[in-house]
Structure formats: C-alpha cells, structure tokens
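Chemist: work_38.txt (compact mmCIF, C-alpha atoms and all ligand atoms) pasted underneath:
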# COMPACT_ATOMS: atom_id res chain seq x y z
CA MET A 889 0.00 0.00 0.00
CA THR A 890 1.33 3.42 -0.91
CA ARG A 891 0.55 6.64 0.94
CA THR A 892 -0.23 10.19 -0.12
CA MET A 893 0.99 13.21 1.81
CA MET A 894 0.21 16.93 1.87
CA VAL A 895 2.73 19.54 3.03
CA THR A 896 1.71 23.18 3.52
CA GLY A 897 4.37 25.88 3.36
CA ALA A 898 6.14 23.64 0.84
CA SER A 899 7.99 26.41 -1.04
CA LYS A 900 10.98 26.79 1.29
CA GLY A 901 12.42 26.20 4.75
CA ILE A 902 11.17 23.26 6.80
CA GLY A 903 8.32 22.52 4.35
CA ALA A 904 10.56 22.26 1.27
CA SER A 905 13.09 20.12 3.21
CA THR A 906 10.25 17.82 4.29
CA VAL A 907 9.03 17.46 0.71
CA GLU A 908 12.57 16.61 -0.50
CA LYS A 909 13.09 14.14 2.35
CA PHE A 910 9.99 12.15 1.40
CA PHE A 911 10.38 12.64 -2.38
CA TYR A 912 13.95 11.33 -2.53
CA GLY A 913 13.50 8.74 0.22
CA ASP A 914 12.79 5.10 -0.54
CA ASN A 915 9.49 4.95 1.36
CA ASP A 916 5.79 4.18 0.83
CA VAL A 917 4.81 7.79 -0.02
CA ASP A 918 4.18 7.93 -3.77
CA THR A 919 2.20 11.19 -4.08
CA ILE A 920 2.97 14.55 -2.46
CA VAL A 921 0.55 17.49 -2.52
CA LEU A 922 2.52 20.74 -2.16
CA VAL A 923 0.85 23.92 -0.92
CA ALA A 924 2.27 27.47 -0.91
CA ARG A 925 1.66 30.81 -2.56
CA GLU A 926 3.17 31.55 -5.97
CA SER A 927 6.90 32.31 -5.79
CA LYS A 928 10.17 31.74 -7.63
CA GLU A 929 11.26 29.39 -4.84
CA PHE A 930 8.12 27.29 -5.24
CA ASP A 931 8.63 27.14 -9.04
CA LYS A 932 12.27 26.13 -8.61
CA LEU A 933 11.40 23.36 -6.16
CA GLN A 934 8.85 21.93 -8.59
CA GLU A 935 11.37 22.12 -11.46
CA ARG A 936 13.98 20.34 -9.31
CA LEU A 937 11.57 17.54 -8.39
CA SER A 938 10.31 17.11 -11.97
CA SER A 939 13.82 16.91 -13.44
CA ASP A 940 15.15 14.42 -10.88
CA ASN A 941 12.52 11.87 -9.86
CA PRO A 942 14.39 8.62 -8.99
CA HIS A 943 11.37 6.82 -7.52
CA GLY A 944 8.77 7.99 -10.07
CA LYS A 945 6.70 9.84 -7.46
CA LYS A 946 3.77 12.13 -8.26
CA ILE A 947 3.78 15.81 -7.30
CA VAL A 948 0.50 17.75 -7.07
CA PRO A 949 1.25 21.47 -6.51
CA PHE A 950 -1.30 24.09 -5.41
CA THR A 951 -0.78 27.84 -5.08
CA VAL A 952 -3.09 28.97 -2.29
CA ASP A 953 -3.09 31.85 0.19
CA LEU A 954 -3.82 30.03 3.44
CA ALA A 955 -5.13 33.25 4.98
CA ASP A 956 -8.18 32.83 2.70
CA ARG A 957 -10.54 30.21 4.15
CA ALA A 958 -12.77 30.05 1.07
CA LYS A 959 -9.75 29.35 -1.15
CA ILE A 960 -8.62 26.57 1.20
CA VAL A 961 -11.97 24.82 1.00
CA GLY A 962 -11.92 25.18 -2.81
CA PHE A 963 -8.45 23.76 -3.36
CA LEU A 964 -9.06 20.81 -1.02
CA HIS A 965 -11.88 19.55 -3.26
CA GLU A 966 -9.49 19.69 -6.22
CA ALA A 967 -6.68 18.06 -4.22
CA MET A 968 -8.89 15.15 -3.20
CA ALA A 969 -10.06 14.71 -6.81
CA LEU A 970 -6.42 14.54 -7.99
CA ALA A 971 -4.78 12.68 -5.08
CA GLY A 972 -7.71 10.52 -3.92
CA LYS A 973 -6.79 10.67 -0.21
CA ILE A 974 -4.40 12.32 2.21
CA ASP A 975 -2.76 9.80 4.55
CA ILE A 976 -0.12 12.11 6.00
CA LEU A 977 -0.78 15.83 6.54
CA VAL A 978 2.01 18.18 7.57
CA ASN A 979 0.51 21.49 8.69
CA ASN A 980 3.73 23.46 8.37
CA ALA A 981 2.96 26.88 6.81
CA GLY A 982 3.59 29.71 9.22
CA TYR A 983 3.59 33.49 9.31
CA THR A 984 4.94 36.08 11.71
CA ALA A 985 5.56 39.83 11.85
CA PRO A 986 7.12 40.48 15.27
CA CYS A 987 5.99 43.77 16.80
CA ALA A 988 5.71 45.62 20.13
CA ILE A 989 2.24 45.39 21.70
CA GLN A 990 1.52 49.10 21.21
CA GLN A 991 2.21 48.81 17.47
CA ILE A 992 0.43 45.53 16.68
CA ASP A 993 -2.01 46.01 13.83
CA PHE A 994 -5.12 43.98 14.62
CA GLY A 995 -5.43 42.91 10.98
CA ASP A 996 -1.94 41.43 11.20
CA PHE A 997 -2.87 39.55 14.37
CA GLU A 998 -5.87 38.16 12.49
CA ARG A 999 -3.64 37.15 9.56
CA THR A 1000 -1.26 35.36 11.96
CA MET A 1001 -4.17 33.38 13.42
CA GLN A 1002 -5.60 32.68 9.96
CA VAL A 1003 -2.37 31.17 8.60
CA ASN A 1004 -1.07 29.52 11.79
CA VAL A 1005 -4.31 28.28 13.41
CA TYR A 1006 -7.45 28.57 11.25
CA ALA A 1007 -5.79 27.17 8.08
CA PRO A 1008 -4.55 23.93 9.71
CA PHE A 1009 -7.93 23.57 11.43
CA THR A 1010 -9.81 24.15 8.17
CA ILE A 1011 -7.68 21.63 6.27
CA VAL A 1012 -8.28 18.95 8.89
CA GLN A 1013 -12.01 19.71 9.28
CA GLU A 1014 -12.70 19.95 5.55
CA LEU A 1015 -10.85 16.73 4.69
CA LEU A 1016 -12.63 14.89 7.51
CA GLN A 1017 -15.96 16.19 6.19
CA GLN A 1018 -15.00 14.89 2.74
CA GLY A 1019 -14.57 11.44 4.31
CA ASN A 1020 -10.77 11.44 4.41
CA ARG A 1021 -9.23 9.38 7.21
CA PHE A 1022 -5.69 10.44 8.07
CA ASP A 1023 -2.98 8.05 9.14
CA LEU A 1024 -0.81 10.85 10.57
CA ILE A 1025 -1.21 14.59 11.14
CA VAL A 1026 1.94 16.54 12.02
CA ASN A 1027 1.22 20.07 13.24
CA ILE A 1028 4.19 22.43 13.39
CA ALA A 1029 3.94 24.74 16.40
CA SER A 1030 7.01 26.33 18.03
CA THR A 1031 8.85 26.66 21.31
CA ALA A 1032 7.52 30.26 21.03
CA GLY A 1033 4.12 28.77 21.88
CA MET A 1034 5.46 27.41 25.18
CA GLY A 1035 6.59 30.71 26.68
CA GLY A 1036 5.98 34.36 25.87
CA ARG A 1037 8.73 36.59 24.47
CA PRO A 1038 8.85 40.36 23.88
CA GLY A 1039 7.65 41.28 20.39
CA TRP A 1040 6.35 37.80 19.66
CA LEU A 1041 2.85 38.13 21.15
CA THR A 1042 0.86 37.34 18.01
CA TYR A 1043 3.15 34.53 16.87
CA GLY A 1044 3.47 32.97 20.34
CA ALA A 1045 -0.29 33.11 20.91
CA SER A 1046 -0.94 31.40 17.56
CA LYS A 1047 1.57 28.65 18.34
CA ALA A 1048 0.17 28.10 21.86
CA ALA A 1049 -3.21 27.64 20.14
CA MET A 1050 -1.64 25.14 17.74
CA ILE A 1051 -0.25 23.09 20.64
CA ASN A 1052 -3.63 22.92 22.39
CA MET A 1053 -5.54 22.32 19.13
CA SER A 1054 -3.24 19.37 18.42
CA GLU A 1055 -4.04 17.81 21.81
CA ALA A 1056 -7.76 18.04 21.05
CA MET A 1057 -7.24 16.54 17.58
CA LYS A 1058 -5.10 13.74 19.02
CA ALA A 1059 -7.80 12.81 21.55
CA GLU A 1060 -10.71 13.16 19.16
CA LEU A 1061 -9.25 11.49 16.07
CA ALA A 1062 -7.85 8.44 17.88
CA ILE A 1063 -11.16 6.76 17.07
CA PHE A 1064 -10.08 6.77 13.38
CA ASP A 1065 -6.60 5.44 14.27
CA THR A 1066 -5.22 8.84 13.28
CA ARG A 1067 -2.02 9.81 15.05
CA VAL A 1068 -1.64 13.53 15.71
CA VAL A 1069 1.79 14.82 16.68
CA CYS A 1070 2.61 18.43 17.43
CA ILE A 1071 6.23 19.41 16.80
CA SER A 1072 7.67 22.52 18.43
CA PRO A 1073 10.95 23.40 16.75
CA GLY A 1074 13.40 25.75 18.37
CA ARG A 1075 15.41 28.19 16.27
CA CYS A 1076 15.93 26.86 12.75
CA ALA A 1077 17.72 28.56 9.84
CA THR A 1078 14.88 29.76 7.58
CA ASP A 1079 13.43 33.05 6.30
CA LEU A 1080 10.89 33.06 9.14
CA ARG A 1081 13.66 32.78 11.71
CA ARG A 1082 15.50 35.65 9.99
CA THR A 1083 12.36 37.76 10.50
CA LEU A 1084 12.37 36.92 14.22
CA ALA A 1085 16.15 37.19 14.78
CA PRO A 1086 17.74 39.22 11.95
CA ASP A 1087 21.20 39.43 13.56
CA GLU A 1088 21.68 35.70 14.13
CA ASP A 1089 24.19 33.68 12.07
CA PRO A 1090 22.04 30.92 10.46
CA SER A 1091 25.02 28.57 10.18
CA THR A 1092 25.14 28.27 13.99
CA ILE A 1093 21.57 26.95 14.47
CA MET A 1094 19.43 23.92 13.57
CA GLN A 1095 18.84 23.44 9.82
CA PRO A 1096 15.45 22.70 8.15
CA GLU A 1097 16.54 19.17 7.15
CA HIS A 1098 16.92 18.27 10.84
CA VAL A 1099 13.21 18.97 11.44
CA ALA A 1100 12.38 17.15 8.18
CA GLY A 1101 14.29 14.13 9.53
CA VAL A 1102 12.09 14.05 12.63
CA ILE A 1103 8.92 14.21 10.49
CA ASP A 1104 10.31 11.37 8.36
CA MET A 1105 10.84 9.30 11.50
CA LEU A 1106 7.27 9.99 12.67
CA ALA A 1107 5.95 8.63 9.36
CA SER A 1108 8.23 5.56 9.46
CA GLU A 1109 7.50 2.19 11.10
CA VAL A 1110 8.91 3.47 14.43
CA GLY A 1111 6.60 6.53 14.35
CA PRO A 1112 3.71 4.89 16.24
CA TYR A 1113 6.06 4.29 19.19
CA ILE A 1114 6.79 8.00 19.60
CA ASP A 1115 4.08 9.26 21.91
CA SER A 1116 4.24 12.94 22.64
CA GLN A 1117 1.76 15.75 23.20
CA ASN A 1118 4.30 18.29 22.00
CA LEU A 1119 7.59 17.07 20.58
CA VAL A 1120 10.28 19.69 21.09
CA VAL A 1121 12.94 19.63 18.35
CA ARG A 1122 15.92 21.85 19.06
CA GLN A 1123 19.68 21.98 19.50
N1 LIG B 1 12.44 28.61 11.66
C1 LIG B 1 12.23 28.52 12.97
O1 LIG B 1 13.08 28.90 13.80
C2 LIG B 1 10.95 27.92 13.47
C3 LIG B 1 10.87 27.59 14.83
C4 LIG B 1 9.68 27.05 15.31
C5 LIG B 1 8.64 26.84 14.45
N2 LIG B 1 8.73 27.17 13.12
C6 LIG B 1 7.58 26.93 12.28
O2 LIG B 1 7.96 26.12 11.18
C7 LIG B 1 7.03 26.32 10.12
C8 LIG B 1 7.78 26.52 8.81
O3 LIG B 1 8.45 27.76 8.86
P1 LIG B 1 9.94 27.97 8.33
O4 LIG B 1 10.76 28.28 9.51
O5 LIG B 1 10.33 26.86 7.44
O6 LIG B 1 9.77 29.36 7.55
P2 LIG B 1 9.81 29.77 6.02
O7 LIG B 1 11.02 29.23 5.35
O8 LIG B 1 9.63 31.24 6.04
O9 LIG B 1 8.55 29.03 5.40
C9 LIG B 1 7.24 29.41 5.72
C10 LIG B 1 6.31 28.67 4.77
O10 LIG B 1 4.95 29.04 5.08
C11 LIG B 1 4.32 29.45 3.89
N3 LIG B 1 3.30 30.46 4.09
C12 LIG B 1 3.37 31.58 4.86
N4 LIG B 1 2.25 32.30 4.74
C13 LIG B 1 1.45 31.63 3.87
C14 LIG B 1 0.15 31.87 3.34
N5 LIG B 1 -0.56 32.96 3.65
N6 LIG B 1 -0.37 30.97 2.48
C15 LIG B 1 0.34 29.88 2.11
N7 LIG B 1 1.56 29.59 2.60
C16 LIG B 1 2.11 30.46 3.46
C17 LIG B 1 5.44 30.03 3.04
O11 LIG B 1 5.06 29.98 1.69
P3 LIG B 1 5.05 31.23 0.72
O12 LIG B 1 6.00 30.88 -0.35
O13 LIG B 1 3.64 31.27 0.28
O14 LIG B 1 5.46 32.44 1.52
C18 LIG B 1 6.57 29.07 3.33
O15 LIG B 1 6.50 27.94 2.50
C19 LIG B 1 6.18 27.52 10.52
O16 LIG B 1 4.93 27.07 11.02
C20 LIG B 1 6.98 28.16 11.62
O17 LIG B 1 6.18 28.91 12.50
C21 LIG B 1 9.87 27.70 12.63
Would you write out, as structure tokens, the structure that this file holds?
Ligand SMILES: NC(=O)c1ccc[n+]([C@@H]2O[C@H](COP(=O)([O-])OP(=O)(O)OC[C@H]3O[C@@H](n4cnc5c(N)ncnc54)[C@H](OP(=O)(O)O)[C@@H]3O)[C@@H](O)[C@H]2O)c1
Modeler:
Amino acid sequence: MTRTMMVTGASKGIGASTVEKFFYGDNDVDTIVLVARESKEFDKLQERLSSDNPHGKKIVPFTVDLADRAKIVGFLHEAMALAGKIDILVNNAGYTAPCAIQQIDFGDFERTMQVNVYAPFTIVQELLQQGNRFDLIVNIASTAGMGGRPGWLTYGASKAAMINMSEAMKAELAIFDTRVVCISPGRCATDLRRTLAPDEDPSTIMQPEHVAGVIDMLASEVGPYIDSQNLVVRQ
C-alpha cells in the first residue's frame, strides 16, 4: 500500500526540506501534494523535483493563500479529486511579523491566526468532512508557543493555540486510528527565523533538514512508538 501526503508551506524552509526528504527517500509515499503561494522558490522546487525523480513519485502542486478560508476549501476539493486521499498531513505553513504590543495592527494579528491556526484547522475539518481518514497529522507549532517573548505576542499566541488544538485533535481522532503529533521546533535557519532574529548567524543553528528528519521518523515504522503531546525539536 502506498501513501499520499500533503505539506503546507512547501515552497521553502522546513516545508521544502520535508518534501525533499519524502520525495527522494525510498518509502511508501508515492504522491505529495505541495501547498504554498506563488513564488520563484516554489517554481524552482517543482522544477527540481520534476527533473530528478528517482522513484517515479507524483507531485501535485497548489498555489493557495492560506489566509483565505474560502480558497482553502476550494483547493481541497481539487486536491482530493487529484490525489484521492491524504494519509499524511504536515501542517507546516507559518507566518509572523514580530511587533511591540503598542504597534500591533489587529489585521496582522488576524492574519497570523488565519495562517497559523485557522488554516490547519480548516484543512483537517474539511478533509474529515469529505470522508478522508488520516494516518498521521503533524502540526508544526514552536517553542515560542510554550513561553511568551517580547515582540512575539501574536506569533506565540498562535503557536500556543496550535499546541492545544493538536491535543484536542489527538484525543478526538484516535477513534479513526489517526495519530496527531505536534512538533515545536526551536530556532531553525529559515526566512521566518531571519524575521524573528535578523542578527543571528544561520550557520550556527538547527537546519530545516533536521526537522524534516524528525517528520520522516514519525511517518516511518517506528513513528507509532513516539508518543508525545508536544515534541520539542531543538539543539
Ligand atoms: N524557523 C524557525 O526557527 C521555526 C521555529 C519554530 C517553528 N517554526 C515553524 O515552522 C514552520 C515553517 O516555517 P519555516 O521556519 O520553514 O519558515 P519559512 O522558510 O519562512 O517558510 C514558511 C512557509 O509558510 C508558507 N506560508 C506563509 N504564509 C502563507 C500563506 N498565507 N499561504 C500559504 N503559505 C504560506 C510560506 O510559503 P510562501 O512561499 O507562500 O510564503 C513558506 O513555505 C512555521 O509554522 C513556523 O512557524 C519555525
């Protein structure tokens, strides 16, 4: 039996590394649904995968703004028609614009919640309503959701919500034999991290492929033996 996976935030960073890990790995995943907005990075990733496909896997790319709930619902119908099912879902896309409390624009707080909380919820709810039964859902939160930091109020609040939402999903979806794992990475060398810590040298911190390796392990035959409410992945 082969499995189908969906990765949001697939254009770069942890999402792109996860896609490459599963695409080039000799595993049972034969179809990967990629989700991000339109960008040169997303185009380049798709070109790379199309030109070097050693295991003959299928790529199904979607350009979607995950802040737009109606668009999410629309693309999921198309994704199910093309992919048939989603066994492994990696809710990875994330957004942040760090800001002092006095300067936070409420619209930006809403956008943070839309991308980081409402989008992963909508994807899970909509696919369940379409009859999809997941094998594994990996929700990417953050250590920022486990403790508040100056300037990170909107981001931290969204990630705390992701951690709690994952616990509810884990408890509620066990009836379908769906495993739900929340991963909270620490600092990892990506564009998002650069937004949070512009002066940091990215070569000194965890790399995206390290987080991808943990997701790969969760989807492997040892995955069911890793039982965690919130798996912290950091140096
Ligand atoms: N890097 C860290 O230190 C760190 C630590 C803890 C947790 N995380 C979490 O890890 C996840 C991946 O982030 P990353 O560090 O790999 O950052 P990244 O390289 O900046 O990637 C973020 C991804 O999210 C996508 N995204 C953002 N807004 C979107 C929107 N409105 N619609 C669709 N896609 C959108 C981006 O796609 P576009 O091409 O559309 O922009 C991109 O693929 C996030 O949830 C982040 O919060 C990161």
Chemist: Kindly indicate which residue among A:Pro986, A:Gly913, A:Pro942, A:Gly972 lies nearest to ligand LIG 1 (chain B), using all atoms listed in the file for the distances.
Modeler: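 Counting all atoms listed in the file, the residue closest to ligand LIG 1 (chain B) is A:Pro986.
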Chemist: For a quick check of understanding, using only C-alpha atoms and all ligand atoms, which of A:Pro949, A:Pro1086, A:Gly982, A:Gly1033 has the smallest distance to ligand LIG 1 (chain B)?
Modeler: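 Residue with the minimum atom-to-atom distance to ligand LIG 1 (chain B): A:Gly982.
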Chemist: Fewer than 5 positions away in the same chain doesn't count, so skip those; otherwise give me all residues within 7 Å of A:Arg1075, counting all atoms listed in the file, as an mmCIF file with C-alpha atoms, in the coordinates of the input.
Modeler:
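This is the output file selection-v3.cif:
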data_model
loop_
_atom_site.group_PDB
_atom_site.id
_atom_site.type_symbol
_atom_site.label_atom_id
_atom_site.label_comp_id
_atom_site.auth_asym_id
_atom_site.auth_seq_id
_atom_site.Cartn_x
_atom_site.Cartn_y
_atom_site.Cartn_z
ATOM 1 C CA ARG A 1081 13.660 32.780 11.710
ATOM 2 C CA ILE A 1093 21.570 26.950 14.470
ATOM 3 C CA MET A 1094 19.430 23.920 13.570
ATOM 4 C CA ARG A 1122 15.920 21.850 19.060
#
Chemist: Taking all atoms listed in the file into account, produce a table as a tab-separated table in which each residue of chain A with an atom at most 6 Å from an atom of ligand LIG 1 (chain B) appears once, together with its shortest atom pair and the distance in Å to one decimal, ordered by chain and rising number.
Modeler:
residue	atom	partner	partner_atom	distance
A:Gly897	CA	B:LIG1	O15	3.1
A:Ala898	CA	B:LIG1	O15	4.6
A:Ser899	CA	B:LIG1	O15	4.1
A:Lys900	CA	B:LIG1	O7	4.7
A:Gly901	CA	B:LIG1	O7	3.4
A:Ile902	CA	B:LIG1	O5	3.8
A:Gly903	CA	B:LIG1	O5	5.7
A:Ala924	CA	B:LIG1	N7	4.2
A:Arg925	CA	B:LIG1	O13	3.5
A:Ser927	CA	B:LIG1	O12	5.7
A:Val952	CA	B:LIG1	C15	5.7
A:Asp953	CA	B:LIG1	N6	3.7
A:Leu954	CA	B:LIG1	N6	3.7
A:Ala955	CA	B:LIG1	N5	4.8
A:Asn980	CA	B:LIG1	O16	4.6
A:Ala981	CA	B:LIG1	O10	3.4
A:Gly982	CA	B:LIG1	O16	3.5
A:Tyr983	CA	B:LIG1	C12	4.8
A:Val1003	CA	B:LIG1	N5	5.6
A:Ile1028	CA	B:LIG1	O16	5.3
A:Ala1029	CA	B:LIG1	C5	5.5
A:Ser1030	CA	B:LIG1	C4	3.9
A:Ser1072	CA	B:LIG1	C4	5.9
A:Pro1073	CA	B:LIG1	C4	4.1
A:Gly1074	CA	B:LIG1	C3	4.7
A:Arg1075	CA	B:LIG1	O1	3.5
A:Cys1076	CA	B:LIG1	O1	3.7
A:Ala1077	CA	B:LIG1	N1	5.6
A:Thr1078	CA	B:LIG1	O7	4.5
A:Asp1079	CA	B:LIG1	O8	4.2
A:Leu1080	CA	B:LIG1	O8	3.8
A:Arg1081	CA	B:LIG1	N1	4.3
Chemist: Calculated over only C-alpha atoms, which of the candidates A:Ile1071, A:Ile1103, A:Ala1048, A:Met894 has the smallest distance to A:Phe1022?
Modeler: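 Residue with the minimum atom-to-atom distance to A:Phe1022: A:Met894.
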Chemist: Which protein, DNA or RNA residues are at most 7 Å from (-0.3, 12.4, 4.1) in the file's coordinates when you count all atoms listed in the file, listed as JSON, numbers by chain?
Modeler: {"A": [891, 892, 893, 894, 974, 975, 976, 977, 1022, 1024]}
Chemist: List as a PyMOL selection string the residues having at least one atom at most 10 Å from position (12.2, 19.1, 2.6) as given in the file, counting only C-alpha atoms.
Modeler: chain A and resi 895+898-912+933+1096-1101+1103-1104
Chemist: Give me a file of those residues, with C-alpha atoms, as a PDB file, keeping the file's coordinate frame.
Modeler:
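Saved as result_39.pdb:
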ATOM      1  CA  VAL A 895       2.730  19.540   3.030  1.00  0.00           C
ATOM      2  CA  ALA A 898       6.140  23.640   0.840  1.00  0.00           C
ATOM      3  CA  SER A 899       7.990  26.410  -1.040  1.00  0.00           C
ATOM      4  CA  LYS A 900      10.980  26.790   1.290  1.00  0.00           C
ATOM      5  CA  GLY A 901      12.420  26.200   4.750  1.00  0.00           C
ATOM      6  CA  ILE A 902      11.170  23.260   6.800  1.00  0.00           C
ATOM      7  CA  GLY A 903       8.320  22.520   4.350  1.00  0.00           C
ATOM      8  CA  ALA A 904      10.560  22.260   1.270  1.00  0.00           C
ATOM      9  CA  SER A 905      13.090  20.120   3.210  1.00  0.00           C
ATOM     10  CA  THR A 906      10.250  17.820   4.290  1.00  0.00           C
ATOM     11  CA  VAL A 907       9.030  17.460   0.710  1.00  0.00           C
ATOM     12  CA  GLU A 908      12.570  16.610  -0.500  1.00  0.00           C
ATOM     13  CA  LYS A 909      13.090  14.140   2.350  1.00  0.00           C
ATOM     14  CA  PHE A 910       9.990  12.150   1.400  1.00  0.00           C
ATOM     15  CA  PHE A 911      10.380  12.640  -2.380  1.00  0.00           C
ATOM     16  CA  TYR A 912      13.950  11.330  -2.530  1.00  0.00           C
ATOM     17  CA  LEU A 933      11.400  23.360  -6.160  1.00  0.00           C
ATOM     18  CA  PRO A1096      15.450  22.700   8.150  1.00  0.00           C
ATOM     19  CA  GLU A1097      16.540  19.170   7.150  1.00  0.00           C
ATOM     20  CA  HIS A1098      16.920  18.270  10.840  1.00  0.00           C
ATOM     21  CA  VAL A1099      13.210  18.970  11.440  1.00  0.00           C
ATOM     22  CA  ALA A1100      12.380  17.150   8.180  1.00  0.00           C
ATOM     23  CA  GLY A1101      14.290  14.130   9.530  1.00  0.00           C
ATOM     24  CA  ILE A1103       8.920  14.210  10.490  1.00  0.00           C
ATOM     25  CA  ASP A1104      10.310  11.370   8.360  1.00  0.00           C
TER      26      ASP A1104
END
